[in-house]
file protein_27.cif (mmCIF, C-alpha atoms)
data_work
#
loop_
_atom_site.label_atom_id
_atom_site.label_comp_id
_atom_site.auth_asym_id
_atom_site.auth_seq_id
_atom_site.Cartn_x
_atom_site.Cartn_y
_atom_site.Cartn_z
CA PHE A 99 28.43 147.64 54.98
CA TYR A 100 31.54 145.73 56.04
CA ALA A 101 33.77 148.76 55.51
CA LYS A 102 31.44 150.87 57.61
CA GLU A 103 31.11 148.31 60.38
CA TYR A 104 34.65 146.87 60.54
CA GLY A 105 36.93 149.13 58.51
CA GLU A 106 38.41 148.99 55.02
CA LYS A 107 41.10 146.41 55.81
CA ILE A 108 38.78 143.79 57.28
CA ALA A 109 36.22 144.52 54.58
CA SER A 110 38.82 143.74 51.91
CA TYR A 111 39.53 140.37 53.55
CA VAL A 112 35.81 139.59 53.73
CA VAL A 113 35.35 140.30 50.02
CA THR A 114 38.60 138.64 48.92
CA PHE A 115 37.80 135.35 50.65
CA GLY A 116 34.10 135.52 49.83
CA LEU A 117 32.98 135.48 53.46
CA HIS A 118 30.00 137.65 52.50
CA ASP A 119 28.78 134.86 50.17
CA MET A 120 30.59 131.82 51.52
CA TYR A 121 28.45 129.08 49.97
CA HIS A 122 29.40 130.16 46.44
CA THR A 123 33.13 130.51 46.97
CA TRP A 124 35.63 128.25 45.24
CA TRP A 125 37.15 127.08 48.52
CA PHE A 126 33.81 126.07 50.03
CA LEU A 127 32.86 124.14 46.89
CA THR A 128 36.31 122.50 46.98
CA LEU A 129 35.70 121.38 50.57
CA LEU A 130 32.33 119.93 49.57
CA GLY A 131 33.99 118.11 46.68
CA LEU A 132 36.71 116.68 48.93
CA LEU A 133 34.14 115.56 51.51
CA THR A 134 32.15 113.86 48.75
CA ALA A 135 35.27 112.13 47.43
CA ASN A 136 36.17 111.01 50.95
CA ILE A 137 32.77 109.38 51.49
CA ILE A 138 32.94 107.69 48.08
CA VAL A 139 36.39 106.23 48.81
CA CYS A 140 35.34 104.99 52.27
CA THR A 141 32.23 103.34 50.85
CA ILE A 142 34.10 101.69 47.97
CA GLU A 143 36.79 100.42 50.35
CA ARG A 144 34.41 98.82 52.85
CA PHE A 145 31.38 97.75 50.85
CA PRO A 146 32.88 94.86 48.76
CA GLN A 147 34.17 93.05 51.84
CA LYS A 148 30.89 93.51 53.64
CA TRP A 149 28.94 92.30 50.61
CA LYS A 150 31.20 89.26 50.16
CA SER A 151 30.95 88.21 53.80
CA THR A 152 27.17 88.62 53.69
CA LEU A 153 26.84 86.37 50.65
CA GLU A 154 29.03 83.67 52.19
CA LYS A 155 26.79 81.43 54.25
CA LYS A 156 28.80 79.37 56.70
CA ILE A 157 26.44 76.48 57.30
CA ASP A 158 28.60 73.68 58.70
CA ALA A 159 29.78 75.38 61.88
CA GLU A 160 31.89 73.23 64.19
CA PRO A 161 31.11 73.19 67.94
CA SER A 162 34.41 74.97 68.58
CA PHE A 163 33.28 77.90 66.43
CA ILE A 164 29.89 78.07 68.13
CA LYS A 165 31.53 78.06 71.57
CA SER A 166 33.66 81.03 70.53
CA LEU A 167 30.57 83.18 69.93
CA GLY A 168 29.47 85.67 72.57
CA ASN A 169 26.05 84.01 72.81
CA ASN A 170 26.19 80.22 72.87
CA SER A 171 24.61 77.27 74.61
CA HIS A 172 24.97 73.49 74.71
CA PHE A 173 22.66 70.80 75.94
CA THR A 174 22.21 67.05 75.46
CA ILE A 175 19.03 65.03 75.11
CA GLN A 176 18.60 61.30 75.44
CA GLY A 177 17.54 59.46 72.32
CA GLY A 178 15.72 61.02 69.44
CA ASN A 179 16.06 61.13 65.69
CA LEU A 180 18.52 63.66 64.28
CA GLN A 181 16.28 64.55 61.33
CA ASP A 182 13.23 65.03 63.55
CA ILE A 183 15.26 67.34 65.79
CA LYS A 184 16.53 69.29 62.80
CA ILE A 185 13.00 69.69 61.41
CA LYS A 186 11.73 71.02 64.74
CA VAL A 187 14.65 73.47 64.98
CA ILE A 188 14.02 74.71 61.43
CA ASP A 189 10.27 75.00 62.03
CA TYR A 190 10.82 77.13 65.13
CA LEU A 191 13.36 79.45 63.49
CA GLU A 192 11.13 79.94 60.44
CA LYS A 193 8.30 81.02 62.71
CA LYS A 194 10.70 83.61 64.11
CA ARG A 195 11.10 84.85 60.49
CA TYR A 196 14.64 83.60 60.06
CA ARG A 197 15.82 82.52 56.65
CA ILE A 198 17.26 79.01 56.73
CA LYS A 199 20.00 76.94 55.18
CA ASN A 200 20.83 73.45 56.42
CA SER A 201 23.00 70.50 55.61
CA ASP A 202 23.46 66.89 56.69
CA THR A 203 26.71 65.10 57.44
CA ASP A 204 27.59 61.60 58.50
CA SER A 205 27.88 62.71 62.11
CA GLY A 206 24.86 64.99 62.31
CA ALA A 207 23.15 68.05 60.87
CA SER A 208 23.78 71.80 60.73
CA VAL A 209 21.33 74.68 60.55
CA TYR A 210 22.24 78.25 59.68
CA ALA A 211 19.60 80.96 60.19
CA TRP A 212 19.76 84.70 59.56
CA LYS A 213 17.55 87.77 59.22
CA GLY A 214 17.85 91.55 58.95
CA THR A 215 20.58 91.41 56.31
CA ILE A 216 19.56 94.84 54.99
CA GLY A 217 20.34 96.35 58.37
CA ARG A 218 24.01 95.66 57.83
CA PHE A 219 24.02 98.04 54.88
CA GLY A 220 22.33 100.94 56.65
CA SER A 221 25.60 102.85 56.88
CA ASP A 222 26.27 102.33 53.18
CA VAL A 223 22.82 103.60 52.23
CA THR A 224 23.45 106.62 54.47
CA HIS A 225 26.80 107.20 52.76
CA VAL A 226 25.10 107.18 49.35
CA SER A 227 22.48 109.62 50.66
CA LEU A 228 25.25 111.97 51.84
CA ILE A 229 26.89 111.79 48.44
CA LEU A 230 23.59 112.72 46.78
CA ILE A 231 22.95 115.60 49.20
CA LEU A 232 26.45 117.02 48.72
CA THR A 233 26.21 116.60 44.94
CA GLY A 234 22.88 118.43 44.94
CA ALA A 235 24.36 121.20 47.07
CA ILE A 236 27.31 121.60 44.69
CA LEU A 237 25.04 121.70 41.62
CA GLY A 238 22.74 124.21 43.30
CA SER A 239 25.65 126.41 44.32
CA ILE A 240 27.16 126.45 40.82
CA PHE A 241 24.09 126.54 38.60
CA GLY A 242 21.40 127.87 40.94
CA PHE A 243 20.64 131.38 42.15
CA ARG A 244 18.46 133.40 44.50
CA ASP A 245 17.08 136.80 43.59
CA TYR A 246 14.24 139.17 44.31
CA VAL A 247 11.77 141.02 42.12
CA SER A 248 8.99 143.47 42.98
CA ILE A 249 6.05 144.08 40.63
CA ILE A 250 3.44 146.81 40.76
CA GLU A 251 -0.12 145.71 40.18
CA GLY A 252 -0.95 145.66 36.46
CA GLU A 253 2.67 145.83 35.33
CA THR A 254 4.92 143.36 33.54
CA VAL A 255 8.61 143.08 34.40
CA ASN A 256 11.64 141.20 33.13
CA THR A 257 12.56 138.62 35.74
CA PRO A 258 16.31 138.44 36.49
CA ARG A 259 18.36 135.61 34.92
CA THR A 260 15.41 134.24 32.92
CA ASP A 261 14.09 134.50 29.35
CA PHE A 262 10.50 135.27 30.32
CA LYS A 263 8.51 138.06 31.95
CA LEU A 264 6.10 138.15 34.85
CA LYS A 265 2.90 140.18 35.17
CA LEU A 266 1.07 140.97 38.40
CA ASP A 267 -2.59 140.82 37.41
CA LYS A 268 -3.94 141.53 40.88
CA PHE A 269 -2.86 141.79 44.48
CA TRP A 270 -5.21 141.55 47.44
CA ILE A 271 -5.22 140.84 51.15
CA ASP A 272 -7.55 138.48 53.01
CA TYR A 273 -8.53 139.43 56.55
CA TYR A 274 -9.89 137.60 59.57
CA ASP A 275 -13.14 138.79 61.13
CA SER A 276 -11.03 140.49 63.80
CA GLY A 277 -9.38 142.64 61.15
CA ALA A 278 -6.00 140.91 61.35
CA ILE A 279 -4.32 139.93 58.09
CA LYS A 280 -5.03 136.33 57.14
CA GLN A 281 -2.83 136.15 54.03
CA PHE A 282 -1.76 138.22 51.06
CA ASN A 283 -2.24 136.95 47.53
CA SER A 284 -0.79 137.62 44.10
CA SER A 285 -2.32 136.61 40.79
CA LEU A 286 0.62 136.16 38.39
CA THR A 287 0.93 135.47 34.67
CA VAL A 288 4.10 134.23 32.98
CA ILE A 289 4.69 136.02 29.67
CA GLU A 290 6.87 134.32 27.08
CA ASP A 291 7.25 135.46 23.47
CA GLY A 292 4.56 138.03 24.10
CA LYS A 293 1.98 135.47 25.20
CA GLY A 294 0.65 134.43 28.58
CA VAL A 295 1.68 130.81 29.09
CA LEU A 296 0.83 130.24 32.74
CA SER A 297 -1.35 131.95 35.34
CA LYS A 298 -1.51 131.14 39.01
CA GLN A 299 -2.58 132.64 42.33
CA ILE A 300 0.18 132.40 44.90
CA TRP A 301 0.42 133.09 48.60
CA VAL A 302 2.89 132.30 51.37
CA ASN A 303 4.01 128.64 51.04
CA GLU A 304 2.16 128.29 47.71
CA PRO A 305 4.71 129.34 45.05
CA LEU A 306 4.65 129.55 41.27
CA LYS A 307 7.08 127.31 39.43
CA TYR A 308 8.13 127.78 35.80
CA LYS A 309 11.20 126.44 34.00
CA GLY A 310 12.81 125.40 37.26
CA VAL A 311 12.41 128.85 38.84
CA TRP A 312 10.28 129.15 41.98
CA PHE A 313 8.54 132.41 42.83
CA TYR A 314 7.60 132.73 46.50
CA GLN A 315 5.35 135.39 47.98
CA SER A 316 7.82 137.32 50.12
CA ASN A 317 6.35 140.69 51.04
CA TYR A 318 4.11 143.47 49.80
CA GLY A 319 3.53 147.17 50.22
CA LEU A 320 2.43 150.41 48.61
CA ALA A 321 4.49 151.75 45.73
CA TYR A 322 6.66 154.70 46.73
CA ASP A 323 6.74 156.38 43.30
CA ARG A 324 3.16 156.23 41.98
CA ILE A 325 -0.49 156.05 43.02
CA LYS A 326 -3.81 155.01 41.49
CA GLU A 327 -5.62 158.26 42.13
CA ALA A 328 -5.69 161.34 44.34
CA GLN A 329 -8.53 163.28 45.90
CA LEU A 330 -8.34 167.03 45.41
CA VAL A 331 -10.59 169.98 46.11
CA LEU A 332 -10.68 173.52 44.71
CA LYS A 333 -10.43 176.42 47.14
CA ASN A 334 -11.07 180.12 46.76
CA LYS A 335 -8.12 181.75 48.54
CA LYS A 336 -9.65 185.20 48.54
CA GLU A 337 -12.85 184.09 50.23
CA ASN A 338 -11.08 181.23 52.09
CA LYS A 339 -13.74 178.66 51.27
CA ILE A 340 -14.02 175.37 49.45
CA ILE A 341 -15.64 175.43 46.03
CA GLY A 342 -17.80 172.46 45.23
CA LYS A 343 -17.13 168.88 46.26
CA PRO A 344 -13.82 166.98 46.31
CA PHE A 345 -12.97 165.27 43.04
CA VAL A 346 -10.80 162.31 42.11
CA VAL A 347 -7.96 162.54 39.59
CA LYS A 348 -6.47 159.32 38.23
CA TRP A 349 -2.77 158.86 37.68
CA ASN A 350 -1.46 160.45 34.48
CA GLU A 351 -4.96 161.34 33.23
CA SER A 352 -6.14 164.91 32.67
CA PHE A 353 -9.19 166.03 34.62
CA LYS A 354 -11.36 169.10 34.09
CA ILE A 355 -11.85 170.77 37.46
CA PRO A 356 -15.53 171.44 38.16
CA ASP A 357 -16.59 175.08 38.58
CA ALA A 358 -13.33 176.34 37.04
CA ASN A 359 -11.59 176.64 33.68
CA PHE A 360 -8.63 174.56 34.81
CA THR A 361 -7.41 171.07 33.96
CA VAL A 362 -5.14 169.09 36.27
CA MET A 363 -2.97 166.00 35.74
CA ILE A 364 -0.94 163.99 38.28
CA LYS A 365 2.60 163.45 36.97
CA GLY A 366 4.59 162.42 40.04
CA PHE A 367 4.46 160.98 43.52
CA VAL A 368 6.94 160.50 46.36
CA ALA A 369 6.07 158.62 49.53
CA ASP A 370 8.49 160.52 51.77
CA PHE A 371 9.33 163.85 50.16
CA GLY A 372 12.96 164.89 50.01
CA PHE A 373 14.83 167.61 48.11
CA ASP A 374 18.53 167.68 47.28
CA GLU A 375 19.61 171.32 47.22
CA LYS A 376 22.81 170.57 45.34
CA THR A 377 21.27 168.68 42.45
CA LYS A 378 17.82 170.26 42.76
CA GLN A 379 16.35 166.78 42.57
CA ILE A 380 13.23 165.58 44.35
CA TYR A 381 13.44 162.08 45.80
CA THR A 382 11.80 159.85 48.39
CA LYS A 383 13.75 159.59 51.63
CA SER A 384 12.23 156.18 52.38
CA ASN A 385 9.69 153.72 51.06
CA GLU A 386 7.41 154.54 53.96
CA HIS A 387 4.54 156.94 53.30
CA ASN A 388 5.64 159.44 55.94
CA ASN A 389 5.35 162.64 53.92
CA PRO A 390 3.43 161.89 50.71
CA ALA A 391 3.37 164.49 47.97
CA ILE A 392 2.04 164.57 44.40
CA GLY A 393 3.46 166.49 41.47
CA VAL A 394 0.70 167.97 39.33
CA GLU A 395 0.44 170.00 36.15
CA VAL A 396 -2.26 172.65 35.98
CA TYR A 397 -3.50 173.90 32.61
CA ASP A 398 -5.61 176.89 31.73
CA GLY A 399 -7.13 175.58 28.56
CA ASP A 400 -4.14 174.19 26.69
CA LYS A 401 -1.61 176.36 28.47
CA LEU A 402 0.52 174.94 31.29
CA ILE A 403 0.42 177.50 34.07
CA SER A 404 2.05 175.65 36.98
CA SER A 405 3.78 172.40 38.01
CA PRO A 406 3.63 172.42 41.82
CA TRP A 407 4.08 169.71 44.44
CA LEU A 408 1.10 169.31 46.74
CA PHE A 409 1.64 167.90 50.23
CA LEU A 410 -0.87 165.82 52.13
CA ASN A 411 0.50 166.77 55.53
CA TYR A 412 1.16 170.44 54.66
CA PRO A 413 -1.68 171.72 52.46
CA GLU A 414 -1.35 175.16 50.86
CA ILE A 415 2.41 175.33 51.54
CA PHE A 416 2.89 176.21 47.86
CA ALA A 417 0.44 177.95 45.55
CA ALA A 418 -0.93 175.40 43.12
CA ILE A 419 -2.50 177.95 40.77
CA PRO A 420 -0.43 181.13 41.00
CA ASP A 421 -1.71 184.59 40.05
CA THR A 422 -5.33 183.53 40.64
CA ASP A 423 -7.77 183.39 43.52
CA TYR A 424 -7.82 179.63 43.35
CA ASP A 425 -5.79 176.87 44.94
CA LEU A 426 -5.79 173.05 44.95
CA ILE A 427 -5.83 171.11 48.19
CA PHE A 428 -4.44 167.54 48.31
CA MET A 429 -6.88 165.63 50.54
CA GLY A 430 -5.99 161.96 50.10
CA TYR A 431 -4.96 159.23 47.68
CA LYS A 432 -5.29 155.57 46.84
CA GLY A 433 -1.97 153.80 46.53
CA ILE A 434 -0.88 151.01 44.23
CA TYR A 435 0.20 147.77 45.83
CA PHE A 436 3.36 145.99 44.80
CA THR A 437 4.20 142.39 45.53
CA GLY A 438 7.68 141.22 46.48
CA LEU A 439 8.70 137.83 45.12
CA GLN A 440 11.65 135.72 46.19
CA MET A 441 13.10 133.95 43.16
CA THR A 442 14.91 130.65 43.57
CA LYS A 443 16.43 128.25 41.09
CA ASP A 444 18.22 125.21 42.41
CA PRO A 445 18.78 122.33 39.97
CA GLY A 446 20.10 120.25 42.85
CA THR A 447 16.88 120.40 44.88
CA ASN A 448 15.42 117.10 43.64
CA ILE A 449 18.77 115.38 44.17
CA VAL A 450 18.90 116.70 47.74
CA TRP A 451 15.33 115.49 48.34
CA ILE A 452 16.18 112.02 47.05
CA GLY A 453 19.28 112.01 49.24
CA SER A 454 17.27 113.11 52.28
CA ILE A 455 14.68 110.37 51.76
CA LEU A 456 17.45 107.84 51.23
CA MET A 457 19.11 109.03 54.44
CA ALA A 458 15.91 108.35 56.37
CA VAL A 459 15.84 104.87 54.82
CA GLY A 460 19.49 104.33 55.73
CA PHE A 461 18.90 105.44 59.34
CA THR A 462 15.94 103.05 59.54
CA PHE A 463 18.08 100.18 58.28
CA ALA A 464 20.95 101.08 60.61
CA PHE A 465 19.06 101.74 63.85
CA PHE A 466 15.95 99.57 63.66
CA ILE A 467 16.90 96.51 61.60
CA PHE A 468 19.57 94.24 63.10
CA TYR A 469 21.58 91.62 61.30
CA LYS A 470 21.15 88.41 63.35
CA ARG A 471 22.74 85.02 62.71
CA VAL A 472 22.17 81.73 64.48
CA TRP A 473 24.06 78.42 64.09
CA VAL A 474 22.75 75.11 65.34
CA ARG A 475 24.91 71.99 65.30
CA ILE A 476 23.13 68.67 65.97
CA LYS A 477 25.46 65.77 66.60
CA ARG A 478 25.13 62.35 68.19
CA GLY A 479 27.47 61.98 71.14
CA GLU A 480 28.32 59.41 73.80
CA ASN A 481 25.50 60.45 76.16
CA GLY A 482 22.84 61.27 73.55
CA VAL A 483 22.29 63.99 71.00
CA ASP A 484 24.45 67.06 71.54
CA ILE A 485 22.94 70.35 70.41
CA HIS A 486 25.21 73.37 70.15
CA ILE A 487 23.52 76.75 69.55
CA GLY A 488 25.32 80.05 68.94
CA GLY A 489 24.29 83.45 67.70
CA MET A 490 25.57 86.93 67.00
CA ILE A 491 24.20 90.35 66.09
CA ASN A 492 25.86 93.37 64.51
CA LYS A 493 24.60 95.78 67.22
CA ASN A 494 22.27 96.03 70.23
CA LYS A 495 23.93 93.01 71.88
CA ILE A 496 22.06 93.40 75.18
CA MET A 497 18.72 92.96 73.45
CA PHE A 498 20.01 89.94 71.57
CA GLU A 499 21.21 88.23 74.75
CA ARG A 500 17.64 88.20 76.05
CA GLU A 501 16.28 87.09 72.67
CA PHE A 502 18.91 84.33 72.41
CA SER A 503 18.07 82.99 75.87
CA GLU A 504 14.40 82.78 74.92
CA LEU A 505 15.36 81.04 71.68
CA VAL A 506 17.45 78.42 73.51
CA GLU A 507 14.73 77.69 76.06
CA SER A 508 12.12 77.34 73.35
CA LEU A 509 14.32 74.97 71.35
CA LYS A 510 14.94 72.89 74.49
CA ALA A 511 11.23 72.59 75.11
CA ARG A 512 10.65 71.46 71.57
CA VAL A 513 13.43 68.91 71.08
CA GLU A 514 13.42 67.33 74.57
CA VAL A 515 10.09 65.72 73.78
CA VAL A 516 11.64 63.80 70.92
CA LYS A 517 11.65 60.04 71.61
#
call {"tool": "encode", "arguments": {"input": "protein_27.cif", "output": "structure tokens"}}
result
Amino acid sequence: FYAKEYGEKIASYVVTFGLHDMYHTWWFLTLLGLLTANIIVCTIERFPQKWKSTLEKKIDAEPSFIKSLGNNSHFTIQGGNLQDIKIKVIDYLEKKRYRIKNSDTDSGASVYAWKGTIGRFGSDVTHVSLILILTGAILGSIFGFRDYVSIIEGETVNTPRTDFKLKLDKFWIDYYDSGAIKQFNSSLTVIEDGKGVLSKQIWVNEPLKYKGVWFYQSNYGLAYDRIKEAQLVLKNKKENKIIGKPFVVKWNESFKIPDANFTVMIKGFVADFGFDEKTKQIYTKSNEHNNPAIGVEVYDGDKLISSPWLFLNYPEIFAAIPDTDYDLIFMGYKGIYFTGLQMTKDPGTNIVWIGSILMAVGFTFAFFIFYKRVWVRIKRGENGVDIHIGGMINKNKIMFEREFSELVESLKARVEVVK
């Protein structure tokens, strides 16, 4: 194909570098491996520091540290008990679903509150998911395969790259009331060691799975090299009239023609008749039933007297029973359906699925759960009780500014009533 379309030179490059099957080439797998290694190194380099800083809870924050935060506030109230103020602050933050740590000092009290810790590790979970997806892709590329098999109804075939066989018990098509095709179905049996071990009806999006190999309903059609039966009729050439009624001859079964001393048997079929003059071989020019023809053997008693090809579109083109007044006319036939199955084996599929689910979890952590921290320092000053409040968030700072303002106003309303 490539030589025909682009020339021999370009075709050689395509094949040499595997561009016709890129996902199984050594260089593509090497790139996947390097990308996986890169993600692993980045994760290992950053995760320990992030984990350590998350575990360290800085409770006793000085006012200078709180003032350095992007979101901070300070107000003073007259009078009040430090412990009562601390309890009210803790009670409010707990209602906002913050986790709390607090401490007391000689000069006051400190409260540290946080929530959404898991959101800080969203990127790390996503990195792990990427590693799993790439690992699954590498395993599937090395140990997996895709193939195709077609089976004629009633036959058993060896399936490629497996140690079992597959039999097509039945093929049929379901139709809507309008006559349009609803779906096509295959009833399959897995044969192993000469025994049927699994039977299942499949259709599009409902595959058969056995030993890690998936069989998907891909296509269907009429066999191009055989039929179930053909309808023939006997004709008197001399009188140019049909003798008797049409009769049905089954594939590869002898049939005694009524009203004559002849026996006929169907031995061949081509869907689109072609003849190679050099090799004298008959072949089908396509899988489409454009010019169907049957090869028959005609016997007079036990003696083979002719082996003609009879054409559906061109009856009587060749004499079916030479040196007699009789002829056979090919009137119609019933084809045999085949089913086309896409075979897939990918040992990395489950790993990729786990990675994909984990990626969704990681995105949820990263984009919808925010790591928020709040410090409150309560300290008795010259003019009353000084309350310093500061907070920070790992992302979505605009949203947190509004939330922090509401938090400060609510804390003011609560503690200013302290007497």
call {"tool": "closest_residue", "arguments": {"input": "protein_27.cif", "among": "A:Ile325, A:Val311, A:Val302, A:Leu129", "to": "Val347 of chain A", "atoms": "all atoms listed in the file"}}
result
A:Ile325
call {"tool": "resolve_selection", "arguments": {"input": "protein_27.cif", "expression": "the PyMOL selection byres ((chain A and resi 135) around 12)", "output": "ChimeraX atom specification"}}
result
/A:128-134,136-142,225-226,228-230,232-233
call {"tool": "atom_distance", "arguments": {"input": "protein_27.cif", "atom1": "atom CA of Pro344 of chain A", "atom2": "atom CA of Ile403 of chain A"}}
result
21.5 Å
call {"tool": "residues_around", "arguments": {"input": "protein_27.cif", "residues": "Phe466 of chain A", "least_positions_apart": "5", "cutoff": "12 Å", "atoms": "only C-alpha atoms", "output": "mmCIF file with C-alpha atoms, in the coordinates of the input"}}
result
data_model
loop_
_atom_site.group_PDB
_atom_site.id
_atom_site.type_symbol
_atom_site.label_atom_id
_atom_site.label_comp_id
_atom_site.auth_asym_id
_atom_site.auth_seq_id
_atom_site.Cartn_x
_atom_site.Cartn_y
_atom_site.Cartn_z
ATOM 1 C CA GLY A 214 17.850 91.550 58.950
ATOM 2 C CA THR A 215 20.580 91.410 56.310
ATOM 3 C CA ILE A 216 19.560 94.840 54.990
ATOM 4 C CA GLY A 217 20.340 96.350 58.370
ATOM 5 C CA ARG A 218 24.010 95.660 57.830
ATOM 6 C CA GLY A 220 22.330 100.940 56.650
ATOM 7 C CA ALA A 458 15.910 108.350 56.370
ATOM 8 C CA VAL A 459 15.840 104.870 54.820
ATOM 9 C CA GLY A 460 19.490 104.330 55.730
ATOM 10 C CA PHE A 461 18.900 105.440 59.340
ATOM 11 C CA ASN A 492 25.860 93.370 64.510
ATOM 12 C CA LYS A 493 24.600 95.780 67.220
ATOM 13 C CA ASN A 494 22.270 96.030 70.230
#
call {"tool": "resolve_selection", "arguments": {"input": "protein_27.cif", "expression": "the PyMOL selection byres ((chain A and resi 261) around 10)", "output": "count of residues only"}}
result
11
call {"tool": "closest_residue", "arguments": {"input": "protein_27.cif", "among": "A:Pro390, A:Pro406, A:Gly399, A:Gly310", "to": "Pro445 of chain A", "atoms": "all atoms listed in the file"}}
result
A:Gly310
call {"tool": "atom_distance", "arguments": {"input": "protein_27.cif", "atom1": "atom CA of Val209 of chain A", "atom2": "atom CA of Ala159 of chain A"}}
result
8.6 Å
call {"tool": "resolve_selection", "arguments": {"input": "protein_27.cif", "expression": "the PyMOL selection byres ((chain A and resi 433) around 10)", "output": "NGL selection string"}}
result
:A and (319-328 or 369 or 387 or 430-432 or 434-436)
call {"tool": "write_last_selection", "arguments": {"input": "protein_27.cif", "atoms": "C-alpha atoms", "output": "PDB file, in the frame of the given file"}}
result
ATOM      1  CA  GLY A 319       3.530 147.170  50.220  1.00  0.00           C
ATOM      2  CA  LEU A 320       2.430 150.410  48.610  1.00  0.00           C
ATOM      3  CA  ALA A 321       4.490 151.750  45.730  1.00  0.00           C
ATOM      4  CA  TYR A 322       6.660 154.700  46.730  1.00  0.00           C
ATOM      5  CA  ASP A 323       6.740 156.380  43.300  1.00  0.00           C
ATOM      6  CA  ARG A 324       3.160 156.230  41.980  1.00  0.00           C
ATOM      7  CA  ILE A 325      -0.490 156.050  43.020  1.00  0.00           C
ATOM      8  CA  LYS A 326      -3.810 155.010  41.490  1.00  0.00           C
ATOM      9  CA  GLU A 327      -5.620 158.260  42.130  1.00  0.00           C
ATOM     10  CA  ALA A 328      -5.690 161.340  44.340  1.00  0.00           C
ATOM     11  CA  ALA A 369       6.070 158.620  49.530  1.00  0.00           C
ATOM     12  CA  HIS A 387       4.540 156.940  53.300  1.00  0.00           C
ATOM     13  CA  GLY A 430      -5.990 161.960  50.100  1.00  0.00           C
ATOM     14  CA  TYR A 431      -4.960 159.230  47.680  1.00  0.00           C
ATOM     15  CA  LYS A 432      -5.290 155.570  46.840  1.00  0.00           C
ATOM     16  CA  ILE A 434      -0.880 151.010  44.230  1.00  0.00           C
ATOM     17  CA  TYR A 435       0.200 147.770  45.830  1.00  0.00           C
ATOM     18  CA  PHE A 436       3.360 145.990  44.800  1.00  0.00           C
TER      19      PHE A 436
END
call {"tool": "residues_around", "arguments": {"input": "protein_27.cif", "residues": "segment 415-426 of chain A", "least_positions_apart": "2", "cutoff": "10 Å", "atoms": "all atoms listed in the file", "output": "PyMOL selection string"}}
result
chain A and resi 330-341+355+358+360+362+394-398+403-409+411-413+428-429
call {"tool": "atom_distance", "arguments": {"input": "protein_27.cif", "atom1": "atom CA of Phe367 of chain A", "atom2": "atom CA of Tyr246 of chain A"}}
result
23.9 Å
call {"tool": "residues_around", "arguments": {"input": "protein_27.cif", "residues": "Gly178 of chain A", "least_positions_apart": "2", "cutoff": "12 Å", "atoms": "all atoms listed in the file", "output": "PyMOL selection string"}}
result
chain A and resi 174-176+180-184+186+476-479+481-485+512-517
call {"tool": "decode", "arguments": {"input": "protein_27.cif", "residues": "segment 212-223 of chain A", "atoms": "N, CA and C atoms", "output": "mmCIF file, in the first residue's frame"}}
result
data_model
loop_
_atom_site.group_PDB
_atom_site.id
_atom_site.type_symbol
_atom_site.label_atom_id
_atom_site.label_comp_id
_atom_site.auth_asym_id
_atom_site.auth_seq_id
_atom_site.Cartn_x
_atom_site.Cartn_y
_atom_site.Cartn_z
ATOM 1 N N TRP A 212 -7.543 23.824 60.171
ATOM 2 C CA TRP A 212 -7.270 23.474 58.770
ATOM 3 C C TRP A 212 -8.351 22.503 58.254
ATOM 4 N N LYS A 213 -8.507 22.465 56.956
ATOM 5 C CA LYS A 213 -9.379 21.478 56.317
ATOM 6 C C LYS A 213 -9.001 21.354 54.832
ATOM 7 N N GLY A 214 -9.460 20.263 54.238
ATOM 8 C CA GLY A 214 -9.150 20.019 52.818
ATOM 9 C C GLY A 214 -7.723 19.583 52.575
ATOM 10 N N THR A 215 -7.115 18.891 53.570
ATOM 11 C CA THR A 215 -5.728 18.466 53.401
ATOM 12 C C THR A 215 -5.547 17.602 52.151
ATOM 13 N N ILE A 216 -6.534 16.736 51.885
ATOM 14 C CA ILE A 216 -6.417 15.806 50.750
ATOM 15 C C ILE A 216 -6.306 16.547 49.425
ATOM 16 N N GLY A 217 -6.863 17.768 49.382
ATOM 17 C CA GLY A 217 -6.794 18.535 48.150
ATOM 18 C C GLY A 217 -5.378 18.909 47.754
ATOM 19 N N ARG A 218 -4.503 18.966 48.733
ATOM 20 C CA ARG A 218 -3.112 19.320 48.448
ATOM 21 C C ARG A 218 -2.396 18.220 47.676
ATOM 22 N N PHE A 219 -2.927 16.996 47.797
ATOM 23 C CA PHE A 219 -2.270 15.859 47.152
ATOM 24 C C PHE A 219 -2.975 15.428 45.871
ATOM 25 N N GLY A 220 -3.861 16.291 45.356
ATOM 26 C CA GLY A 220 -4.539 15.964 44.109
ATOM 27 C C GLY A 220 -3.578 15.740 42.956
ATOM 28 N N SER A 221 -2.552 16.574 42.870
ATOM 29 C CA SER A 221 -1.579 16.428 41.778
ATOM 30 C C SER A 221 -0.798 15.129 41.914
ATOM 31 N N ASP A 222 -0.502 14.729 43.148
ATOM 32 C CA ASP A 222 0.237 13.488 43.353
ATOM 33 C C ASP A 222 -0.604 12.273 42.979
ATOM 34 N N VAL A 223 -1.889 12.311 43.343
ATOM 35 C CA VAL A 223 -2.790 11.218 42.953
ATOM 36 C C VAL A 223 -2.890 11.155 41.435
#
